[in-house]
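Data block for protein.csv (CSV, C-alpha atoms):
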```csv
chain,number,residue,atom,x,y,z
G,1,MET,CA,0.0,0.0,0.0
G,2,PHE,CA,2.9,2.4,0.7
G,3,THR,CA,6.2,2.8,-1.1
G,4,GLU,CA,9.5,4.3,0.0
G,5,GLU,CA,8.6,7.3,-2.3
G,6,ASP,CA,5.4,7.9,-0.4
G,7,SER,CA,7.4,8.4,2.8
G,8,LEU,CA,9.9,10.7,1.0
G,9,TYR,CA,7.1,12.9,-0.4
G,10,LEU,CA,5.4,13.1,3.0
G,11,LYS,CA,8.7,14.1,4.6
G,12,LYS,CA,9.0,16.8,1.9
G,13,CYS,CA,5.4,18.0,2.9
G,14,ILE,CA,6.6,18.1,6.6
G,15,GLU,CA,9.6,20.3,5.5
G,16,LEU,CA,7.2,22.6,3.6
G,17,ALA,CA,5.1,22.9,6.7
G,18,LEU,CA,8.1,23.6,9.0
G,19,ASP,CA,9.4,26.2,6.6
G,20,SER,CA,5.9,27.8,6.5
G,21,VAL,CA,5.8,28.1,10.3
G,22,ALA,CA,9.2,29.7,10.3
G,23,CYS,CA,7.9,32.3,7.8
G,24,GLY,CA,4.7,33.0,9.7
G,25,GLY,CA,2.4,30.7,7.7
G,26,GLY,CA,0.3,27.7,8.8
G,27,PRO,CA,1.8,24.4,9.8
G,28,PHE,CA,0.7,22.5,6.7
G,29,GLY,CA,2.4,21.4,3.4
G,30,ALA,CA,1.2,19.5,0.3
G,31,ILE,CA,2.6,18.2,-2.9
G,32,VAL,CA,1.1,17.0,-6.1
G,33,VAL,CA,3.1,14.2,-7.9
G,34,ARG,CA,2.6,12.7,-11.3
G,35,GLY,CA,4.8,9.7,-12.0
G,36,LYS,CA,8.2,10.8,-10.7
G,37,GLU,CA,7.5,14.5,-11.1
G,38,ILE,CA,6.6,16.9,-8.4
G,39,LEU,CA,4.0,19.1,-10.3
G,40,SER,CA,3.5,21.5,-7.4
G,41,GLN,CA,4.1,22.1,-3.8
G,42,SER,CA,2.7,24.6,-1.3
G,43,ALA,CA,2.3,25.5,2.3
G,44,ASN,CA,-0.7,26.9,4.0
G,45,CYS,CA,-1.1,30.6,3.2
G,46,VAL,CA,-4.4,31.4,4.9
G,47,THR,CA,-3.2,34.1,7.2
G,48,ASN,CA,-0.3,35.3,5.0
G,49,GLN,CA,-2.6,35.8,2.1
G,50,ASN,CA,-5.9,36.5,3.9
G,51,ASP,CA,-7.5,33.7,2.0
G,52,PRO,CA,-9.6,31.2,3.9
G,53,THR,CA,-9.3,28.7,1.1
G,54,ALA,CA,-5.5,28.8,0.9
G,55,HIS,CA,-4.9,25.5,2.6
G,56,ALA,CA,-1.7,23.7,1.4
G,57,GLU,CA,-3.7,21.1,-0.5
G,58,VAL,CA,-5.9,23.6,-2.4
G,59,GLN,CA,-2.9,25.7,-3.3
G,60,ALA,CA,-1.0,22.7,-4.6
G,61,LEU,CA,-4.0,21.5,-6.6
G,62,ARG,CA,-4.5,24.9,-8.1
G,63,SER,CA,-0.8,25.1,-9.1
G,64,ALA,CA,-0.7,21.6,-10.5
G,65,ALA,CA,-3.9,22.1,-12.5
G,66,ALA,CA,-2.6,25.4,-13.9
G,67,LYS,CA,0.7,23.6,-14.9
G,68,VAL,CA,-1.0,20.8,-16.8
G,69,GLY,CA,-3.6,23.1,-18.3
G,70,SER,CA,-6.6,21.1,-17.0
G,71,PRO,CA,-8.8,21.2,-13.9
G,72,HIS,CA,-8.4,17.5,-13.7
G,73,LEU,CA,-5.4,15.5,-12.4
G,74,PRO,CA,-6.5,11.9,-12.8
G,75,ASP,CA,-3.0,10.5,-12.9
G,76,CYS,CA,-1.6,12.3,-9.8
G,77,THR,CA,-1.2,11.6,-6.1
G,78,LEU,CA,-1.8,14.4,-3.5
G,79,TYR,CA,0.5,14.2,-0.5
G,80,ALA,CA,-0.3,16.2,2.6
G,81,SER,CA,1.5,16.7,5.9
G,82,CYS,CA,-1.9,16.4,7.6
G,83,GLU,CA,-5.2,14.7,6.9
G,84,PRO,CA,-7.1,16.8,4.4
G,85,CYS,CA,-10.1,18.8,5.8
G,86,PRO,CA,-13.5,18.5,4.1
G,87,MET,CA,-12.7,21.5,1.8
G,88,CYS,CA,-9.4,20.0,0.7
G,89,LEU,CA,-10.8,16.5,0.3
G,90,ALA,CA,-13.7,17.8,-1.8
G,91,ALA,CA,-11.3,19.9,-3.9
G,92,ALA,CA,-9.2,16.8,-4.6
G,93,MET,CA,-12.3,14.9,-5.6
G,94,TRP,CA,-13.3,17.7,-8.0
G,95,ALA,CA,-9.8,17.5,-9.4
G,96,HIS,CA,-10.3,13.7,-10.0
G,97,ILE,CA,-7.3,12.9,-7.8
G,98,PRO,CA,-7.4,9.1,-7.3
G,99,ARG,CA,-5.0,8.8,-4.4
G,100,ILE,CA,-4.3,11.0,-1.3
G,101,VAL,CA,-1.6,10.2,1.2
G,102,PHE,CA,-1.2,12.0,4.5
G,103,THR,CA,0.7,11.6,7.8
G,104,ALA,CA,-0.6,13.8,10.7
G,105,THR,CA,-4.2,13.2,11.6
G,106,HIS,CA,-7.2,15.5,12.1
G,107,GLU,CA,-6.8,14.9,15.9
G,108,ASP,CA,-3.3,16.3,15.6
G,109,ALA,CA,-4.7,19.4,13.8
G,110,THR,CA,-7.4,19.7,16.5
G,111,ASN,CA,-4.8,19.5,19.3
G,112,ALA,CA,-2.9,22.4,17.5
G,113,GLY,CA,-6.1,24.5,17.6
G,114,PHE,CA,-7.5,24.0,14.1
G,115,ASP,CA,-11.2,23.4,13.3
G,116,ASP,CA,-10.7,20.4,11.0
G,117,THR,CA,-12.5,17.9,13.2
G,118,ALA,CA,-15.3,20.4,14.1
G,119,ILE,CA,-16.1,21.1,10.5
G,120,ALA,CA,-16.0,17.4,9.7
G,121,LEU,CA,-18.5,16.7,12.5
G,122,GLU,CA,-20.9,19.3,11.1
G,123,LEU,CA,-20.6,18.0,7.5
G,124,TYR,CA,-20.0,14.2,7.9
G,125,GLY,CA,-21.6,13.7,11.3
G,126,GLN,CA,-18.4,11.9,12.3
G,127,PRO,CA,-14.7,12.8,12.1
G,128,ASN,CA,-14.1,10.9,8.8
G,129,PRO,CA,-15.8,10.8,5.4
G,130,VAL,CA,-18.7,8.3,5.5
G,131,ASN,CA,-18.4,6.6,2.1
G,132,LEU,CA,-15.0,7.3,0.6
G,133,ALA,CA,-13.3,4.4,-1.1
G,134,PRO,CA,-10.8,3.1,1.4
G,135,ASP,CA,-7.8,3.2,-0.9
G,136,ARG,CA,-8.4,6.8,-1.9
G,137,LEU,CA,-7.4,8.4,1.3
G,138,ILE,CA,-4.4,6.7,2.9
G,139,HIS,CA,-2.8,7.4,6.4
G,140,LEU,CA,0.9,6.7,6.5
G,141,PRO,CA,2.1,7.4,10.0
G,142,LEU,CA,5.6,8.9,10.4
G,143,SER,CA,7.4,9.6,13.6
G,144,GLU,CA,8.0,13.3,12.6
G,145,ALA,CA,4.3,13.9,11.6
G,146,THR,CA,3.5,16.3,14.3
G,147,LYS,CA,6.8,18.3,14.2
G,148,PRO,CA,5.1,21.2,12.3
G,149,PHE,CA,2.3,21.4,14.9
G,150,ASN,CA,4.9,21.4,17.7
G,151,ALA,CA,6.8,24.2,16.0
G,152,TRP,CA,3.5,26.1,15.5
G,153,LEU,CA,2.5,25.7,19.2
G,154,ALA,CA,6.0,26.8,20.3
G,155,LYS,CA,5.6,30.2,18.5
G,156,THR,CA,4.2,32.9,20.7
G,157,ASN,CA,3.3,35.2,17.7
G,158,ARG,CA,1.4,32.6,15.7
G,159,LYS,CA,-1.7,33.7,13.9
G,160,PRO,CA,-4.5,31.2,14.6
G,161,TYR,CA,-7.5,30.9,12.3
U,1,MET,CA,-36.3,33.9,7.5
U,2,PHE,CA,-36.0,35.5,4.1
U,3,THR,CA,-36.0,39.2,3.1
U,4,GLU,CA,-36.7,40.9,-0.2
U,5,GLU,CA,-32.9,41.6,-0.3
U,6,ASP,CA,-32.2,37.9,-0.1
U,7,SER,CA,-34.2,37.4,-3.3
U,8,LEU,CA,-32.5,40.3,-5.0
U,9,TYR,CA,-29.1,39.1,-4.2
U,10,LEU,CA,-30.0,35.6,-5.4
U,11,LYS,CA,-31.3,37.0,-8.7
U,12,LYS,CA,-27.9,38.8,-9.1
U,13,CYS,CA,-26.2,35.4,-8.6
U,14,ILE,CA,-28.4,33.9,-11.3
U,15,GLU,CA,-27.4,36.8,-13.6
U,16,LEU,CA,-23.7,36.1,-12.9
U,17,ALA,CA,-24.3,32.5,-13.7
U,18,LEU,CA,-26.1,33.3,-17.0
U,19,ASP,CA,-23.4,35.7,-18.0
U,20,SER,CA,-20.8,33.0,-17.2
U,21,VAL,CA,-22.5,30.5,-19.4
U,22,ALA,CA,-22.5,33.0,-22.2
U,23,CYS,CA,-18.8,33.5,-21.8
U,24,GLY,CA,-17.9,29.8,-21.7
U,25,GLY,CA,-17.8,29.5,-17.9
U,26,GLY,CA,-19.8,27.2,-15.6
U,27,PRO,CA,-23.4,28.0,-14.7
U,28,PHE,CA,-22.9,29.2,-11.2
U,29,GLY,CA,-22.7,32.6,-9.5
U,30,ALA,CA,-22.0,33.8,-6.0
U,31,ILE,CA,-21.9,37.0,-4.0
U,32,VAL,CA,-20.6,38.0,-0.5
U,33,VAL,CA,-22.6,40.7,1.2
U,34,ARG,CA,-21.8,42.6,4.4
U,35,GLY,CA,-24.6,44.9,5.6
U,36,LYS,CA,-25.8,46.6,2.4
U,37,GLU,CA,-22.5,46.2,0.6
U,38,ILE,CA,-21.6,43.6,-2.0
U,39,LEU,CA,-18.1,42.8,-1.1
U,40,SER,CA,-17.4,40.5,-4.0
U,41,GLN,CA,-19.1,38.6,-6.8
U,42,SER,CA,-17.9,35.8,-9.0
U,43,ALA,CA,-18.9,33.2,-11.5
U,44,ASN,CA,-17.6,29.6,-11.8
U,45,CYS,CA,-14.2,29.7,-13.5
U,46,VAL,CA,-13.1,26.0,-13.3
U,47,THR,CA,-12.7,25.4,-17.0
U,48,ASN,CA,-11.8,29.0,-18.0
U,49,GLN,CA,-9.0,29.1,-15.5
U,50,ASN,CA,-8.1,25.4,-15.3
U,51,ASP,CA,-8.7,25.5,-11.6
U,52,PRO,CA,-10.7,22.7,-10.0
U,53,THR,CA,-11.3,24.9,-6.9
U,54,ALA,CA,-12.6,28.0,-8.8
U,55,HIS,CA,-16.2,27.5,-7.9
U,56,ALA,CA,-18.2,30.7,-7.7
U,57,GLU,CA,-18.5,30.6,-3.9
U,58,VAL,CA,-14.7,29.9,-3.4
U,59,GLN,CA,-13.9,32.8,-5.8
U,60,ALA,CA,-16.3,35.1,-4.0
U,61,LEU,CA,-15.0,34.2,-0.6
U,62,ARG,CA,-11.4,34.7,-1.7
U,63,SER,CA,-12.1,38.1,-3.1
U,64,ALA,CA,-14.1,39.2,-0.1
U,65,ALA,CA,-11.5,38.1,2.3
U,66,ALA,CA,-8.8,39.9,0.3
U,67,LYS,CA,-10.9,43.0,0.3
U,68,VAL,CA,-11.4,43.1,4.1
U,69,GLY,CA,-7.9,41.9,4.8
U,70,SER,CA,-8.8,38.9,6.9
U,71,PRO,CA,-9.5,35.2,6.2
U,72,HIS,CA,-12.6,35.6,8.3
U,73,LEU,CA,-16.0,37.1,7.3
U,74,PRO,CA,-18.1,36.7,10.4
U,75,ASP,CA,-20.5,39.5,9.5
U,76,CYS,CA,-21.2,38.4,5.9
U,77,THR,CA,-23.8,36.4,4.0
U,78,LEU,CA,-22.8,34.2,1.1
U,79,TYR,CA,-25.4,34.0,-1.7
U,80,ALA,CA,-25.1,31.3,-4.3
U,81,SER,CA,-27.1,30.5,-7.4
U,82,CYS,CA,-26.9,26.8,-6.4
U,83,GLU,CA,-26.6,24.8,-3.2
U,84,PRO,CA,-22.9,24.9,-2.2
U,85,CYS,CA,-21.0,21.7,-2.8
U,86,PRO,CA,-18.9,20.2,0.1
U,87,MET,CA,-15.8,22.1,-0.9
U,88,CYS,CA,-17.6,25.5,-1.0
U,89,LEU,CA,-19.6,24.8,2.2
U,90,ALA,CA,-16.4,23.9,4.1
U,91,ALA,CA,-14.7,27.0,2.6
U,92,ALA,CA,-17.5,29.1,4.0
U,93,MET,CA,-17.1,27.5,7.4
U,94,TRP,CA,-13.4,28.2,7.4
U,95,ALA,CA,-14.3,31.8,6.5
U,96,HIS,CA,-16.7,31.9,9.5
U,97,ILE,CA,-19.6,32.8,7.3
U,98,PRO,CA,-22.7,32.5,9.5
U,99,ARG,CA,-25.4,32.5,6.8
U,100,ILE,CA,-25.5,31.0,3.4
U,101,VAL,CA,-28.5,31.4,1.1
U,102,PHE,CA,-29.0,29.5,-2.2
U,103,THR,CA,-31.7,28.9,-4.7
U,104,ALA,CA,-31.1,26.0,-7.2
U,105,THR,CA,-30.5,22.6,-5.5
U,106,HIS,CA,-27.9,19.9,-5.7
U,107,GLU,CA,-30.4,17.9,-7.6
U,108,ASP,CA,-30.6,20.6,-10.2
U,109,ALA,CA,-26.8,20.6,-10.4
U,110,THR,CA,-26.8,16.8,-10.8
U,111,ASN,CA,-29.4,17.0,-13.6
U,112,ALA,CA,-27.1,19.4,-15.4
U,113,GLY,CA,-24.2,16.9,-15.2
U,114,PHE,CA,-22.2,18.1,-12.1
U,115,ASP,CA,-20.9,15.8,-9.4
U,116,ASP,CA,-22.1,17.8,-6.4
U,117,THR,CA,-24.5,15.1,-5.1
U,118,ALA,CA,-22.0,12.3,-5.8
U,119,ILE,CA,-19.2,14.0,-3.8
U,120,ALA,CA,-21.7,14.7,-1.0
U,121,LEU,CA,-22.7,11.1,-0.8
U,122,GLU,CA,-19.1,10.0,-0.5
U,123,LEU,CA,-18.3,12.5,2.2
U,124,TYR,CA,-21.6,13.0,4.1
U,125,GLY,CA,-23.1,9.5,3.4
U,126,GLN,CA,-26.2,11.4,2.3
U,127,PRO,CA,-26.9,14.4,-0.1
U,128,ASN,CA,-26.9,17.0,2.7
U,129,PRO,CA,-24.6,17.9,5.6
U,130,VAL,CA,-25.4,15.8,8.6
U,131,ASN,CA,-25.1,18.2,11.5
U,132,LEU,CA,-25.1,21.7,10.1
U,133,ALA,CA,-27.1,24.3,12.1
U,134,PRO,CA,-30.4,24.6,10.2
U,135,ASP,CA,-30.3,28.4,9.9
U,136,ARG,CA,-26.7,28.4,8.5
U,137,LEU,CA,-27.6,27.0,5.1
U,138,ILE,CA,-30.9,28.4,3.7
U,139,HIS,CA,-32.8,27.3,0.6
U,140,LEU,CA,-34.8,30.1,-1.0
U,141,PRO,CA,-36.6,28.7,-4.0
U,142,LEU,CA,-37.0,31.1,-7.0
U,143,SER,CA,-38.8,30.3,-10.2
U,144,GLU,CA,-35.8,31.3,-12.3
U,145,ALA,CA,-33.4,29.1,-10.2
U,146,THR,CA,-32.6,26.6,-13.0
U,147,LYS,CA,-32.2,29.1,-15.8
U,148,PRO,CA,-28.4,29.0,-15.7
U,149,PHE,CA,-28.5,25.2,-16.0
U,150,ASN,CA,-31.0,25.3,-18.8
U,151,ALA,CA,-28.7,27.8,-20.7
U,152,TRP,CA,-25.7,25.5,-19.9
U,153,LEU,CA,-27.5,22.4,-21.2
U,154,ALA,CA,-28.6,24.3,-24.4
U,155,LYS,CA,-24.9,25.0,-25.3
U,156,THR,CA,-23.5,22.4,-27.7
U,157,ASN,CA,-19.9,23.5,-27.0
U,158,ARG,CA,-20.0,23.5,-23.2
U,159,LYS,CA,-17.0,22.2,-21.3
U,160,PRO,CA,-18.2,19.8,-18.6
U,161,TYR,CA,-16.0,19.0,-15.6
```

Target format structure tokens, applied to this file:
Amino acid sequence: MFTEEDSLYLKKCIELALDSVACGGGPFGAIVVRGKEILSQSANCVTNQNDPTAHAEVQALRSAAAKVGSPHLPDCTLYASCEPCPMCLAAAMWAHIPRIVFTATHEDATNAGFDDTAIALELYGQPNPVNLAPDRLIHLPLSEATKPFNAWLAKTNRKPY
Amino acid sequence: MFTEEDSLYLKKCIELALDSVACGGGPFGAIVVRGKEILSQSANCVTNQNDPTAHAEVQALRSAAAKVGSPHLPDCTLYASCEPCPMCLAAAMWAHIPRIVFTATHEDATNAGFDDTAIALELYGQPNPVNLAPDRLIHLPLSEATKPFNAWLAKTNRKPY
């Protein structure tokens, strides 16, 4: 189910998230990969850009779609440092992304002060999507998964949202 | 529950959606209103911009947030020509939008060939959000609600997505 490359791309997402925290952004990173090529990568820019939709996954999907010249990315994998929220998950579905791999969980995001689980509960009625194909959204636990959240919580001047 | 202004703003959304179809865009329009001021308005730009996230609501939320200089719009209403899909609904929740008013339904979108209901079923397990406060997402039926979809379906060179 996982490859060595999956771990490497997730570690890259974690690096993006750590860099983002260091630059005043949110503790999330995402990458879109097609074959062996990284089509796009992004961190969370919600507070830096005053854009409520600028989650790392949405940003990466937008960039990848612009790069390939189509709103659809049917041959791509979306990697994310944290479990995608309902907005990002639906965005990936609109983009026809067949495979999403993440490492930190919605519980980790909630512990860091984010509303991911709360929004999921209002929409799904439970923390996780109700009827998603099990191989579409894959959790790959890594020991460094929560490093971006720890860095975020250690900042006294962080901008929560 | 509804005001005359609600109907007027929805009719404006329908006009945006009709104009969008005429220009090769998707049959959706949205407006963000604060008090008596229209902060932003947008049509669906998914195929025109090759951006899977460029639904009318997302575009309008992004523009309104940029205008006010905050990712949060807690004193705004989001009007949409059609029931917001899971991505747009979650985007509005991240933006702290307290009130969303729409006219056409997810069934209308499905009849026009869009995946709104299919994505909702995968995420929610049912066509509608499971635990959303009932006064947050309001359906205001208008006789002209499906005009944009009819215009869309009448186009032979439409770009589905």

Each chain U residue no farther than 7 Å from chain G, nearest pair in Å, only C-alpha atoms, as CSV:
```
residue,atom,partner,partner_atom,distance
U:Val46,CA,G:Pro71,CA,6.5
U:Thr47,CA,G:Pro71,CA,6.5
U:Asn50,CA,G:Pro71,CA,4.5
U:Asp51,CA,G:Pro71,CA,4.9
U:Pro52,CA,G:Pro71,CA,4.6
U:Thr53,CA,G:Ala91,CA,5.8
U:Arg62,CA,G:Asp51,CA,5.5
U:Ala65,CA,G:Asp51,CA,6.0
U:Ala66,CA,G:Asn50,CA,5.7
U:Gly69,CA,G:Asn50,CA,5.8
U:Ser70,CA,G:Asn50,CA,4.8
U:Pro71,CA,G:Asn50,CA,4.5
U:His72,CA,G:Pro52,CA,6.9
U:Pro86,CA,G:Ala90,CA,6.0
U:Met87,CA,G:Met87,CA,4.2
U:Cys88,CA,G:Met87,CA,6.9
U:Ala90,CA,G:Met87,CA,5.0
U:Ala91,CA,G:Thr53,CA,5.9
U:Trp94,CA,G:Pro52,CA,6.0
U:Ala95,CA,G:Pro52,CA,5.4
U:Ile119,CA,G:Ala90,CA,7.0
U:Leu121,CA,G:Asn131,CA,6.9
U:Glu122,CA,G:Asn131,CA,4.3
U:Leu123,CA,G:Pro129,CA,4.4
U:Tyr124,CA,G:Tyr124,CA,4.3
U:Gly125,CA,G:Val130,CA,5.0
U:Pro129,CA,G:Leu123,CA,4.4
U:Val130,CA,G:Gly125,CA,5.1
U:Asn131,CA,G:Glu122,CA,4.4
U:Leu132,CA,G:Glu122,CA,4.9
```

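Around stretch 144-153 of chain G, within 6 Å and counting only C-alpha atoms, the residues found are G:Ala17, G:Leu18, G:Pro27, G:Thr103, G:Ala104, G:Ala112, G:Leu142, G:Lys155, once anything fewer than 2 positions away on its own chain is removed.
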
Based on the selection just made, write C-alpha atoms of those residues as a PDB file, keeping the file's coordinate frame.
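Generated file (selection39.pdb):
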```pdb
ATOM      1  CA  ALA G  17       5.100  22.900   6.700  1.00  0.00           C
ATOM      2  CA  LEU G  18       8.100  23.600   9.000  1.00  0.00           C
ATOM      3  CA  PRO G  27       1.800  24.400   9.800  1.00  0.00           C
ATOM      4  CA  THR G 103       0.700  11.600   7.800  1.00  0.00           C
ATOM      5  CA  ALA G 104      -0.600  13.800  10.700  1.00  0.00           C
ATOM      6  CA  ALA G 112      -2.900  22.400  17.500  1.00  0.00           C
ATOM      7  CA  LEU G 142       5.600   8.900  10.400  1.00  0.00           C
ATOM      8  CA  LYS G 155       5.600  30.200  18.500  1.00  0.00           C
TER       9      LYS G 155
END
```

Suppose you want the space between atom CA of G:Pro98 and atom CA of G:Ala60; what is it in Å?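 Taking atom CA of G:Pro98 and atom CA of G:Ala60, their separation equals 15.3 Å.
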
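Relative to atom CA of G:Cys13, atom CA of G:Pro84 is found at 12.6 Å.
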
What separation in Å, quoted to one decimal, exists between atom CA of G:Asp75 and atom CA of G:Val33?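 Computing the Euclidean distance for atom CA of G:Asp75 and atom CA of G:Val33 yields 8.7 Å.
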
Which of U:Glu37, U:Asp6, U:Arg158, U:Ala30 sits closest to U:His139 [using all atoms listed in the file]: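 Comparing U:Glu37, U:Asp6, U:Arg158, U:Ala30 against U:His139, the winner is U:Asp6.
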
Residue with the minimum atom-to-atom distance to U:Lys11, picked from U:Leu39, U:Ile31, U:Ile100, U:Cys76 with all atoms listed in the file counted, is U:Ile31

Taking 6 positions as the minimum chain separation for residues in the same chain, which residues sit within 12 Å of U:Asp135 when counting only C-alpha atoms? Answer as a CSV table (one decimal) with C-alpha atoms, in the coordinates of the input.
```
chain,number,residue,atom,x,y,z
U,1,MET,CA,-36.3,33.9,7.5
U,2,PHE,CA,-36.0,35.5,4.1
U,77,THR,CA,-23.8,36.4,4.0
U,97,ILE,CA,-19.6,32.8,7.3
U,98,PRO,CA,-22.7,32.5,9.5
U,99,ARG,CA,-25.4,32.5,6.8
U,100,ILE,CA,-25.5,31.0,3.4
U,101,VAL,CA,-28.5,31.4,1.1
```
